file target04.txt (compact mmCIF, C-alpha atoms and all ligand atoms)
# COMPACT_ATOMS: atom_id res chain seq x y z
CA MET A 1 42.77 17.18 -0.41
CA ALA A 2 42.56 14.10 -2.65
CA LEU A 3 42.27 10.52 -1.45
CA VAL A 4 43.58 7.66 -3.57
CA HIS A 5 41.12 4.82 -3.44
CA GLU A 6 42.33 1.25 -3.85
CA ASN A 7 40.77 1.11 -7.32
CA GLU A 8 43.01 4.05 -8.20
CA GLU A 9 40.13 6.46 -8.61
CA VAL A 10 40.94 9.84 -7.22
CA ARG A 11 38.17 11.23 -5.04
CA SER A 12 38.01 14.59 -3.40
CA HIS A 13 37.51 14.95 0.32
CA GLU A 14 34.06 16.46 -0.42
CA ASP A 15 33.12 13.39 -2.47
CA MET A 16 34.14 11.11 0.38
CA VAL A 17 32.17 13.12 2.93
CA GLY A 18 29.15 13.04 0.62
CA ALA A 19 29.57 9.31 0.05
CA PHE A 20 29.83 8.62 3.77
CA ALA A 21 26.74 10.72 4.45
CA LEU A 22 24.76 8.94 1.72
CA LEU A 23 25.79 5.51 2.95
CA TYR A 24 24.89 6.31 6.56
CA HIS A 25 21.63 7.86 5.46
CA HIS A 26 20.73 4.57 3.78
CA LEU A 27 21.98 2.49 6.64
CA PHE A 28 20.00 4.26 9.34
CA SER A 29 16.91 4.81 7.21
CA PHE A 30 15.29 1.72 8.74
CA ILE A 31 14.93 3.75 11.93
CA LYS A 32 12.27 5.97 10.32
CA PRO A 33 9.52 3.35 9.97
CA MET A 34 10.47 1.93 13.39
CA ALA A 35 10.13 5.38 14.98
CA LEU A 36 6.85 5.95 13.15
CA LYS A 37 5.50 2.59 14.32
CA CYS A 38 6.60 3.41 17.87
CA VAL A 39 4.65 6.69 17.99
CA VAL A 40 1.63 5.00 16.40
CA ASP A 41 1.77 2.11 18.92
CA LEU A 42 1.96 4.64 21.75
CA GLY A 43 -0.97 6.61 20.31
CA ILE A 44 1.02 9.86 20.11
CA PRO A 45 -0.68 11.34 16.99
CA ASP A 46 -4.08 10.75 18.65
CA ALA A 47 -2.83 12.28 21.92
CA ILE A 48 -1.61 15.43 20.13
CA HIS A 49 -4.92 15.59 18.28
CA ARG A 50 -6.89 15.36 21.55
CA ARG A 51 -4.82 18.24 22.96
CA GLY A 52 -5.99 20.52 20.14
CA CYS A 53 -3.22 19.42 17.74
CA ALA A 54 -0.36 20.85 19.88
CA ALA A 55 1.28 19.24 22.93
CA THR A 56 4.50 19.42 24.93
CA VAL A 57 6.56 16.29 25.41
CA SER A 58 5.48 16.07 29.10
CA CYS A 59 1.81 16.19 28.08
CA ILE A 60 2.44 13.57 25.41
CA ALA A 61 4.21 11.37 27.98
CA ALA A 62 1.40 11.79 30.50
CA ASP A 63 -1.27 10.94 27.90
CA THR A 64 0.43 7.89 26.43
CA GLY A 65 1.83 6.14 29.49
CA VAL A 66 5.48 6.99 28.79
CA HIS A 67 7.42 6.80 32.07
CA ALA A 68 8.63 10.19 33.32
CA THR A 69 12.25 8.95 33.39
CA ARG A 70 12.02 8.16 29.64
CA ILE A 71 11.09 11.68 28.58
CA PRO A 72 14.59 12.40 27.17
CA ASP A 73 14.25 9.29 24.96
CA LEU A 74 10.79 10.37 23.89
CA ARG A 75 12.20 13.80 23.01
CA CYS A 76 14.82 12.10 20.84
CA LEU A 77 12.11 10.11 19.03
CA MET A 78 9.97 13.21 18.46
CA LYS A 79 12.98 15.18 17.26
CA LEU A 80 13.72 12.66 14.51
CA LEU A 81 10.13 12.55 13.32
CA THR A 82 9.98 16.35 13.38
CA THR A 83 13.13 16.66 11.28
CA SER A 84 11.68 14.14 8.83
CA GLY A 85 8.42 16.11 8.51
CA LEU A 86 6.00 13.89 10.42
CA PHE A 87 5.50 16.41 13.24
CA GLY A 88 5.92 20.15 13.52
CA ALA A 89 7.64 21.82 16.51
CA ALA A 90 7.60 25.33 17.93
CA THR A 91 9.40 26.66 21.01
CA THR A 92 7.34 28.66 23.53
CA ALA A 93 8.58 31.81 25.30
CA ASP A 94 9.59 29.72 28.33
CA GLY A 95 11.66 27.43 26.13
CA GLU A 96 9.29 24.46 25.97
CA VAL A 97 8.91 22.59 22.67
CA VAL A 98 5.32 22.12 21.51
CA TYR A 99 4.75 19.38 18.96
CA THR A 100 2.07 19.70 16.31
CA LEU A 101 0.60 17.38 13.70
CA THR A 102 1.56 17.82 10.05
CA ALA A 103 -0.61 16.70 7.11
CA ALA A 104 1.28 13.38 7.08
CA SER A 105 0.81 12.57 10.80
CA SER A 106 -2.86 13.65 10.56
CA LEU A 107 -3.31 10.64 8.25
CA VAL A 108 -2.60 8.24 11.13
CA VAL A 109 -5.04 9.85 13.58
CA GLY A 110 -8.24 8.06 14.58
CA PRO A 111 -9.60 4.57 14.07
CA ARG A 112 -10.13 5.18 10.34
CA GLY A 113 -6.60 6.52 9.85
CA LEU A 114 -3.66 4.74 8.31
CA SER A 115 -2.17 3.57 11.63
CA ASN A 116 -2.89 -0.05 10.69
CA ILE A 117 -0.84 0.29 7.52
CA VAL A 118 2.06 1.51 9.67
CA ARG A 119 1.64 -1.45 12.06
CA PHE A 120 1.49 -3.91 9.18
CA VAL A 121 4.28 -2.57 6.94
CA ALA A 122 6.69 -1.78 9.81
CA GLY A 123 5.73 -4.85 11.87
CA PRO A 124 7.72 -8.07 12.21
CA VAL A 125 5.60 -10.10 9.75
CA SER A 126 6.52 -7.71 6.92
CA VAL A 127 10.03 -6.78 8.06
CA THR A 128 11.54 -10.22 8.71
CA PRO A 129 11.26 -11.49 5.09
CA PHE A 130 13.64 -8.71 4.05
CA LEU A 131 16.31 -10.30 6.24
CA ASP A 132 15.90 -13.44 4.11
CA MET A 133 16.25 -11.55 0.81
CA PRO A 134 19.79 -12.84 0.03
CA ALA A 135 18.68 -16.45 0.60
CA TRP A 136 15.58 -15.82 -1.51
CA LEU A 137 17.59 -14.42 -4.41
CA ARG A 138 19.73 -17.57 -4.40
CA THR A 139 16.70 -19.89 -4.39
CA ALA A 140 15.98 -21.66 -7.70
CA PRO A 141 12.29 -21.69 -8.69
CA ALA A 142 10.74 -25.15 -8.18
CA PRO A 143 7.17 -26.36 -7.71
CA ASP A 144 7.69 -26.96 -3.99
CA ALA A 145 10.06 -24.01 -3.37
CA PRO A 146 8.83 -20.83 -1.63
CA LYS A 147 7.33 -18.35 -4.09
CA SER A 148 8.35 -15.18 -2.25
CA PRO A 149 10.64 -14.03 0.56
CA PHE A 150 7.46 -13.89 2.70
CA GLU A 151 6.84 -17.59 2.05
CA LEU A 152 10.49 -18.45 2.70
CA THR A 153 10.36 -16.75 6.10
CA HIS A 154 6.85 -17.61 7.25
CA GLY A 155 6.34 -21.00 5.55
CA ARG A 156 3.08 -19.82 3.96
CA SER A 157 2.02 -17.39 1.26
CA ARG A 158 0.92 -13.85 2.02
CA TRP A 159 -2.40 -14.86 0.41
CA ASP A 160 -2.87 -17.99 2.53
CA PRO A 161 -6.28 -18.10 4.24
CA ALA A 162 -4.38 -18.66 7.52
CA ASN A 163 -3.39 -14.98 7.34
CA ALA A 164 -7.05 -14.10 7.79
CA ASP A 165 -6.27 -14.43 11.50
CA ASP A 166 -3.70 -11.65 11.26
CA ASP A 167 -5.72 -8.55 12.05
CA THR A 168 -2.93 -6.15 11.13
CA MET A 169 -3.11 -7.31 7.49
CA ASN A 170 -6.89 -7.01 7.20
CA ASP A 171 -7.09 -3.78 9.13
CA ALA A 172 -4.33 -2.32 6.96
CA ALA A 173 -6.21 -3.15 3.73
CA PHE A 174 -9.40 -1.73 5.22
CA ALA A 175 -7.81 1.54 6.33
CA GLU A 176 -6.18 2.23 2.98
CA SER A 177 -9.42 1.33 1.19
CA GLN A 178 -11.27 3.99 3.16
CA LEU A 179 -8.86 6.72 2.18
CA LEU A 180 -8.78 5.65 -1.44
CA ILE A 181 -12.57 5.51 -1.61
CA GLU A 182 -12.76 9.08 -0.36
CA ALA A 183 -10.16 10.25 -2.91
CA VAL A 184 -11.81 8.45 -5.83
CA LEU A 185 -15.35 9.43 -4.92
CA SER A 186 -14.60 13.06 -4.16
CA ASP A 187 -12.35 13.86 -7.13
CA HIS A 188 -13.00 11.15 -9.71
CA GLY A 189 -16.67 10.12 -9.19
CA ASP A 190 -17.11 10.20 -12.98
CA VAL A 191 -15.48 6.78 -13.09
CA PHE A 192 -18.73 5.35 -11.67
CA ARG A 193 -21.25 7.66 -13.32
CA GLY A 194 -23.71 6.01 -15.71
CA LEU A 195 -23.15 2.50 -14.38
CA THR A 196 -26.19 0.47 -13.30
CA SER A 197 -24.25 -2.45 -11.83
CA LEU A 198 -20.77 -3.17 -10.51
CA VAL A 199 -19.05 -6.29 -9.20
CA ASP A 200 -16.00 -5.84 -6.97
CA VAL A 201 -13.94 -8.94 -7.69
CA GLY A 202 -11.62 -9.91 -4.84
CA GLY A 203 -13.52 -7.25 -2.92
CA GLY A 204 -12.82 -8.83 0.49
CA HIS A 205 -15.34 -7.72 3.08
CA GLY A 206 -16.95 -5.21 0.74
CA SER A 207 -15.86 -1.86 2.20
CA PHE A 208 -15.20 -0.33 -1.23
CA ALA A 209 -18.40 -1.71 -2.80
CA LYS A 210 -20.42 -0.39 0.16
CA ALA A 211 -18.96 3.09 -0.25
CA VAL A 212 -19.80 3.04 -3.97
CA ALA A 213 -23.36 1.83 -3.21
CA THR A 214 -23.77 4.66 -0.68
CA ALA A 215 -22.48 7.35 -3.05
CA PHE A 216 -24.39 5.95 -6.05
CA PRO A 217 -27.63 4.31 -4.83
CA ASN A 218 -28.61 3.55 -8.45
CA ILE A 219 -25.67 1.20 -8.91
CA LYS A 220 -26.39 -2.39 -7.93
CA CYS A 221 -23.17 -3.45 -6.20
CA ALA A 222 -21.89 -6.98 -5.61
CA VAL A 223 -18.70 -8.36 -4.08
CA MET A 224 -17.16 -11.59 -5.30
CA ASP A 225 -14.45 -13.29 -3.30
CA LEU A 226 -13.31 -16.76 -2.29
CA PRO A 227 -15.82 -18.76 -0.20
CA HIS A 228 -13.83 -18.48 3.07
CA VAL A 229 -13.64 -14.68 2.70
CA VAL A 230 -17.33 -14.27 1.88
CA ALA A 231 -18.25 -16.56 4.79
CA ASP A 232 -16.41 -14.16 7.10
CA ALA A 233 -17.89 -10.96 5.63
CA PRO A 234 -19.81 -8.80 8.10
CA ILE A 235 -23.58 -9.39 8.18
CA ALA A 236 -24.95 -8.00 4.93
CA ASP A 237 -27.08 -4.86 5.31
CA GLY A 238 -28.65 -5.38 1.88
CA SER A 239 -26.73 -2.57 0.12
CA VAL A 240 -24.24 -5.02 -1.36
CA GLN A 241 -24.69 -8.60 -2.49
CA PHE A 242 -21.93 -11.11 -1.61
CA VAL A 243 -21.09 -13.90 -4.04
CA ALA A 244 -18.64 -16.72 -3.30
CA GLY A 245 -16.67 -17.78 -6.35
CA ASN A 246 -13.40 -18.09 -8.21
CA MET A 247 -12.43 -15.26 -10.56
CA PHE A 248 -10.43 -17.68 -12.73
CA GLU A 249 -13.65 -19.56 -13.51
CA SER A 250 -16.45 -17.04 -13.83
CA ILE A 251 -17.47 -13.56 -12.75
CA PRO A 252 -21.12 -12.47 -12.33
CA PRO A 253 -22.32 -10.14 -15.13
CA ALA A 254 -22.26 -6.36 -14.49
CA ASP A 255 -21.68 -3.08 -16.37
CA ALA A 256 -18.30 -2.80 -14.70
CA VAL A 257 -15.90 -5.08 -12.86
CA LEU A 258 -13.73 -3.50 -10.17
CA LEU A 259 -10.32 -5.01 -9.38
CA LYS A 260 -8.77 -3.19 -6.46
CA TYR A 261 -5.29 -4.36 -5.46
CA VAL A 262 -6.04 -7.76 -6.97
CA LEU A 263 -3.84 -7.88 -10.08
CA HIS A 264 -0.66 -6.92 -8.21
CA CYS A 265 -0.96 -10.29 -6.44
CA TRP A 266 -0.61 -12.19 -9.73
CA GLY A 267 1.89 -12.80 -12.53
CA GLU A 268 1.22 -11.71 -16.09
CA ASP A 269 -0.42 -14.95 -17.32
CA ASP A 270 -2.81 -15.06 -14.37
CA CYS A 271 -3.69 -11.37 -14.83
CA VAL A 272 -4.57 -12.08 -18.46
CA LYS A 273 -6.76 -15.03 -17.39
CA ILE A 274 -8.57 -12.92 -14.76
CA LEU A 275 -9.12 -10.06 -17.23
CA ARG A 276 -10.53 -12.44 -19.85
CA ARG A 277 -13.14 -13.58 -17.30
CA CYS A 278 -13.85 -9.88 -16.58
CA LYS A 279 -14.37 -9.25 -20.29
CA ASP A 280 -16.88 -12.14 -20.42
CA ALA A 281 -18.81 -10.47 -17.57
CA ILE A 282 -19.21 -6.95 -19.04
CA PRO A 283 -21.07 -5.51 -22.07
CA ALA A 284 -19.37 -3.80 -25.05
CA ARG A 285 -17.69 -0.40 -24.56
CA ASP A 286 -20.54 1.55 -26.21
CA ALA A 287 -22.99 -0.16 -23.85
CA GLY A 288 -20.94 1.12 -20.87
CA GLY A 289 -18.77 -1.93 -20.26
CA LYS A 290 -15.41 -1.45 -18.54
CA VAL A 291 -13.02 -2.84 -15.96
CA ILE A 292 -11.97 -0.42 -13.21
CA ILE A 293 -8.59 -1.18 -11.69
CA THR A 294 -6.93 0.59 -8.77
CA GLU A 295 -3.21 -0.08 -8.65
CA MET A 296 0.17 1.60 -8.71
CA VAL A 297 1.45 2.51 -12.17
CA LEU A 298 5.18 2.80 -11.63
CA GLY A 299 6.72 5.87 -13.18
CA SER A 300 3.41 7.69 -13.72
CA GLY A 301 3.54 10.12 -10.77
CA PRO A 302 5.40 13.43 -10.59
CA ARG A 303 9.09 12.69 -11.11
CA ASP A 304 11.05 13.65 -8.06
CA ARG A 305 13.44 11.46 -6.17
CA ASN A 306 11.10 10.96 -3.21
CA VAL A 307 8.27 9.72 -5.41
CA ALA A 308 10.58 7.48 -7.44
CA GLU A 309 12.08 6.00 -4.26
CA THR A 310 8.67 5.49 -2.67
CA GLU A 311 7.40 3.68 -5.77
CA GLU A 312 10.49 1.50 -5.91
CA MET A 313 10.32 0.66 -2.19
CA HIS A 314 6.61 -0.14 -2.56
CA SER A 315 7.45 -2.32 -5.55
CA LEU A 316 10.16 -4.20 -3.62
CA PHE A 317 7.66 -4.63 -0.79
CA LEU A 318 5.25 -6.25 -3.26
CA THR A 319 8.06 -8.50 -4.52
CA CYS A 320 8.69 -9.54 -0.97
CA ILE A 321 5.09 -10.62 -0.39
CA SER A 322 4.88 -12.16 -3.90
CA GLY A 323 3.15 -9.30 -5.64
CA VAL A 324 4.22 -7.39 -8.74
CA GLY A 325 4.66 -3.62 -9.29
CA ARG A 326 4.12 -2.65 -12.95
CA GLU A 327 4.95 0.22 -15.27
CA GLU A 328 2.44 1.48 -17.84
CA HIS A 329 3.89 -0.55 -20.73
CA GLU A 330 3.55 -3.74 -18.63
CA TRP A 331 -0.11 -2.96 -17.84
CA LYS A 332 -0.73 -2.14 -21.51
CA LYS A 333 0.59 -5.52 -22.64
CA ILE A 334 -1.62 -7.37 -20.13
CA PHE A 335 -4.73 -5.44 -21.26
CA SER A 336 -4.05 -6.07 -24.91
CA ASP A 337 -3.22 -9.77 -24.37
CA ALA A 338 -6.57 -10.12 -22.58
CA GLY A 339 -8.36 -8.68 -25.64
CA PHE A 340 -9.12 -5.14 -24.43
CA SER A 341 -8.95 -2.27 -26.92
CA ASP A 342 -8.09 0.78 -24.83
CA TYR A 343 -7.41 2.11 -21.33
CA LYS A 344 -7.20 5.37 -19.39
CA ILE A 345 -4.97 6.01 -16.37
CA THR A 346 -5.98 8.64 -13.77
CA PRO A 347 -3.62 9.19 -10.80
CA VAL A 348 -5.73 9.50 -7.62
CA MET A 349 -3.63 9.30 -4.48
CA GLY A 350 0.16 9.37 -4.32
CA PRO A 351 1.40 6.52 -6.46
CA ILE A 352 -2.07 4.91 -6.77
CA SER A 353 -4.04 5.32 -10.01
CA VAL A 354 -7.43 4.29 -11.34
CA ILE A 355 -7.14 2.50 -14.68
CA GLU A 356 -10.32 2.22 -16.73
CA VAL A 357 -9.96 -0.61 -19.26
CA TYR A 358 -12.37 -0.83 -22.20
CA PRO A 359 -13.38 -3.92 -24.17
N1 LIG B 1 -9.92 -5.60 -3.01
C1 LIG B 1 -9.53 -5.73 -1.63
C2 LIG B 1 -8.69 -6.98 -1.34
C3 LIG B 1 -7.46 -7.13 -2.18
S1 LIG B 1 -6.49 -8.53 -1.68
C4 LIG B 1 -8.79 -4.48 -1.16
O1 LIG B 1 -8.51 -3.61 -1.95
O2 LIG B 1 -8.51 -4.36 0.02
C5 LIG B 1 -6.93 -9.71 -2.93
C6 LIG B 1 -8.30 -10.34 -2.75
O3 LIG B 1 -8.48 -11.30 -3.79
C7 LIG B 1 -8.46 -11.10 -1.44
O4 LIG B 1 -9.66 -10.69 -0.80
C8 LIG B 1 -8.54 -12.55 -1.89
O5 LIG B 1 -9.36 -13.37 -1.04
C9 LIG B 1 -9.16 -12.42 -3.27
N2 LIG B 1 -8.95 -13.59 -4.12
C10 LIG B 1 -7.81 -14.33 -4.24
N3 LIG B 1 -8.00 -15.32 -5.14
C11 LIG B 1 -9.27 -15.20 -5.60
C12 LIG B 1 -10.04 -15.95 -6.57
N4 LIG B 1 -9.52 -16.99 -7.20
N5 LIG B 1 -11.32 -15.56 -6.79
C13 LIG B 1 -11.84 -14.48 -6.14
N6 LIG B 1 -11.15 -13.72 -5.23
C14 LIG B 1 -9.88 -14.10 -4.96
call {"tool": "encode", "arguments": {"input": "target04.txt", "output": "structure tokens", "more": "lines below"}}
Ligand code: SAH
result
Amino acid sequence: MALVHENEEVRSHEDMVGAFALLYHHLFSFIKPMALKCVVDLGIPDAIHRRGCAATVSCIAADTGVHATRIPDLRCLMKLLTTSGLFGAATTADGEVVYTLTAASSLVVGPRGLSNIVRFVAGPVSVTPFLDMPAWLRTAPAPDAPKSPFELTHGRSRWDPANADDDTMNDAAFAESQLLIEAVLSDHGDVFRGLTSLVDVGGGHGSFAKAVATAFPNIKCAVMDLPHVVADAPIADGSVQFVAGNMFESIPPADAVLLKYVLHCWGEDDCVKILRRCKDAIPARDAGGKVIITEMVLGSGPRDRNVAETEEMHSLFLTCISGVGREEHEWKKIFSDAGFSDYKITPVMGPISVIEVYP
């Protein structure tokens, strides 16, 4: 059967069914992060883990305070997240469904897991600016105009010190740092080998620098961040030195400067300024000098549609909070404009890479 569309294109019935399915898939896709946040808020991955990584829906309900009358709704929630790969399911001989953790849901188990990322990214502070995206796109840039959809919605920048009170943001950064540290240190420890000193610029409360100092006791590690962040840092245990400062003015000297998730907060000109200060702080390449960056390099991961979509969604998320996702050629231009001679990209975890930049 052929349908005649108003623009005179002839489309087959199969095309129309496919188009409808694709549109509805997009439309209802917002349910996935909401369902994920719901199970994380209820503590379901932890409950399944405590039950030996397999639990029936009644056990899950009993362990997480879900009311017995809501078990059919809970089943519906678990079914979606099982179809989408977050949980596994097997049916026992007496017909009961037992839910299990998959590699992906294991990542949100425990206090060091990524549950805080889920709460932050799928929470109202991050979600509501997307509702203001059309208004944002029609806003002309002006000195006093909001600089991101986040700022338009919340009346302050994502990087405003006032956000320090929002635990979901800080806990999210901390949780992802932990996982990234483990991935870098276990598979790519060479990045740090041979260094005698390192300064983690914009290093927040120092979780990454502390992990480096623990894995490499010979590296003298320092964290530099804005005064209000350093003032709030946990009591120093001596393994890491905290320095209050401004990376646009000067950076303490070290063999290597680490910039983890710092440059994606800034436009190209500011990135060049920051990197020039980094170059002032490190020795020449043959004396071991380098800048170590951890960021997404768009388009550098394995090319399947899931990866491409994840990168693009992540990039739009950064746009929304006034950050910037960059492809390799964009990074390359920034490094060369800041006077660096060479760089090396090593993918470490999903779309996140380590970029070593040499003077
Ligand atoms: N590296 C950390 C934090 C990244 S967020 C992590 O990976 O989790 C960016 C950090 O840059 C924040 O801690 C912020 O306080 C810091 N920052 C912003 N402007 C700065 C400046 N001018 N000088 C030094 N640090 C700055």
call {"tool": "closest_atom_pairs", "arguments": {"input": "target04.txt", "of": "chain A", "to": "ligand LIG 1 (chain B)", "cutoff": "6 Å", "atoms": "all atoms listed in the file", "output": "CSV"}}
result
residue,atom,partner,partner_atom,distance
A:Ala173,CA,B:LIG1,O2,4.5
A:Phe174,CA,B:LIG1,O2,5.9
A:Ser177,CA,B:LIG1,O2,5.9
A:Gly202,CA,B:LIG1,O3,3.6
A:Gly203,CA,B:LIG1,N1,4.0
A:Gly204,CA,B:LIG1,O4,3.9
A:Asp225,CA,B:LIG1,N6,3.8
A:Leu226,CA,B:LIG1,C13,4.7
A:Val229,CA,B:LIG1,O5,5.8
A:Gly245,CA,B:LIG1,N5,5.8
A:Asn246,CA,B:LIG1,N5,3.6
A:Met247,CA,B:LIG1,N5,3.9
A:Phe248,CA,B:LIG1,N4,5.6
A:Lys260,CA,B:LIG1,N1,4.4
A:Tyr261,CA,B:LIG1,C3,4.8
A:Val262,CA,B:LIG1,C5,4.6
call {"tool": "write_last_selection", "arguments": {"input": "target04.txt", "atoms": "C-alpha atoms", "output": "short mmCIF file (atom, residue, chain, number, x, y, z; two decimals), in the coordinates of the input"}}
result
data_model
loop_
_atom_site.label_atom_id
_atom_site.label_comp_id
_atom_site.auth_asym_id
_atom_site.auth_seq_id
_atom_site.Cartn_x
_atom_site.Cartn_y
_atom_site.Cartn_z
CA ALA A 173 -6.21 -3.15 3.73
CA PHE A 174 -9.40 -1.73 5.22
CA SER A 177 -9.42 1.33 1.19
CA GLY A 202 -11.62 -9.91 -4.84
CA GLY A 203 -13.52 -7.25 -2.92
CA GLY A 204 -12.82 -8.83 0.49
CA ASP A 225 -14.45 -13.29 -3.30
CA LEU A 226 -13.31 -16.76 -2.29
CA VAL A 229 -13.64 -14.68 2.70
CA GLY A 245 -16.67 -17.78 -6.35
CA ASN A 246 -13.40 -18.09 -8.21
CA MET A 247 -12.43 -15.26 -10.56
CA PHE A 248 -10.43 -17.68 -12.73
CA LYS A 260 -8.77 -3.19 -6.46
CA TYR A 261 -5.29 -4.36 -5.46
CA VAL A 262 -6.04 -7.76 -6.97
#
call {"tool": "atom_distance", "arguments": {"input": "target04.txt", "atom1": "atom CA of Ile321 of chain A", "atom2": "atom CA of Arg277 of chain A"}}
result
25.0 Å
call {"tool": "closest_atom_pairs", "arguments": {"input": "target04.txt", "of": "segment 184-302 of chain A", "to": "segment 136-155 of chain A", "cutoff": "12 Å", "atoms": "all atoms listed in the file", "output": "CSV"}}
result
residue,atom,partner,partner_atom,distance
A:Cys265,CA,A:Ser148,CA,11.3
A:Trp266,CA,A:Lys147,CA,11.5
A:Gly267,CA,A:Lys147,CA,11.5
call {"tool": "residues_around", "arguments": {"input": "target04.txt", "residues": "segment 38-40 of chain A", "least_positions_apart": "4", "cutoff": "8 Å", "atoms": "all atoms listed in the file", "output": "list in words"}}
result
Met34, Ile44, Pro45, Val108, Ser115, Val118 and Arg119 of chain A
call {"tool": "write_last_selection", "arguments": {"input": "target04.txt", "atoms": "C-alpha atoms", "output": "PDB file, in the frame of the given file"}}
result
ATOM      1  CA  MET A  34      10.470   1.930  13.390  1.00  0.00           C
ATOM      2  CA  ILE A  44       1.020   9.860  20.110  1.00  0.00           C
ATOM      3  CA  PRO A  45      -0.680  11.340  16.990  1.00  0.00           C
ATOM      4  CA  VAL A 108      -2.600   8.240  11.130  1.00  0.00           C
ATOM      5  CA  SER A 115      -2.170   3.570  11.630  1.00  0.00           C
ATOM      6  CA  VAL A 118       2.060   1.510   9.670  1.00  0.00           C
ATOM      7  CA  ARG A 119       1.640  -1.450  12.060  1.00  0.00           C
TER       8      ARG A 119
END
call {"tool": "residues_around", "arguments": {"input": "target04.txt", "residues": "segment 63-76 of chain A", "least_positions_apart": "4", "cutoff": "12 Å", "atoms": "only C-alpha atoms", "output": "PyMOL selection string"}}
result
chain A and resi 35+38-51+55-59+80-83+89+96-99
call {"tool": "atom_distance", "arguments": {"input": "target04.txt", "atom1": "atom CA of Val212 of chain A", "atom2": "atom CA of Tyr358 of chain A"}}
result
20.1 Å
call {"tool": "residues_near_point", "arguments": {"input": "target04.txt", "point": "(-14.6, -8.5, -22.7)", "cutoff": "10 Å", "atoms": "all atoms listed in the file", "output": "PyMOL selection string"}}
result
chain A and resi 275-285+289-291+338-341+357-359
call {"tool": "atom_distance", "arguments": {"input": "target04.txt", "atom1": "atom CA of Ser157 of chain A", "atom2": "atom CA of Ile292 of chain A"}}
result
26.3 Å
call {"tool": "closest_residue", "arguments": {"input": "target04.txt", "among": "A:Gly299, A:Pro252, A:Gly238, A:Pro129", "to": "Phe317 of chain A", "atoms": "all atoms listed in the file"}}
result
A:Pro129
call {"tool": "residues_around", "arguments": {"input": "target04.txt", "residues": "Ser207 of chain A", "least_positions_apart": "5", "cutoff": "12 Å", "atoms": "all atoms listed in the file", "output": "MDAnalysis selection string"}}
result
chainID A and resid 170:171 173:182 200 202 212:214 221:223 233:234 236 239:240 242 260
call {"tool": "residues_around", "arguments": {"input": "target04.txt", "residues": "Glu295 of chain A", "least_positions_apart": "4", "cutoff": "12 Å", "atoms": "only C-alpha atoms", "output": "number ranges by chain"}}
result
A: 177, 180, 258-265, 300, 311, 314-315, 318, 323-328, 331, 345-356
call {"tool": "residues_around", "arguments": {"input": "target04.txt", "residues": "Glu330 of chain A", "least_positions_apart": "4", "cutoff": "10 Å", "atoms": "all atoms listed in the file", "output": "count of residues only"}}
result
7
call {"tool": "closest_residue", "arguments": {"input": "target04.txt", "among": "A:Arg303, A:Lys273, A:Arg156, A:Lys220", "to": "Ala256 of chain A", "atoms": "only C-alpha atoms"}}
result
A:Lys220
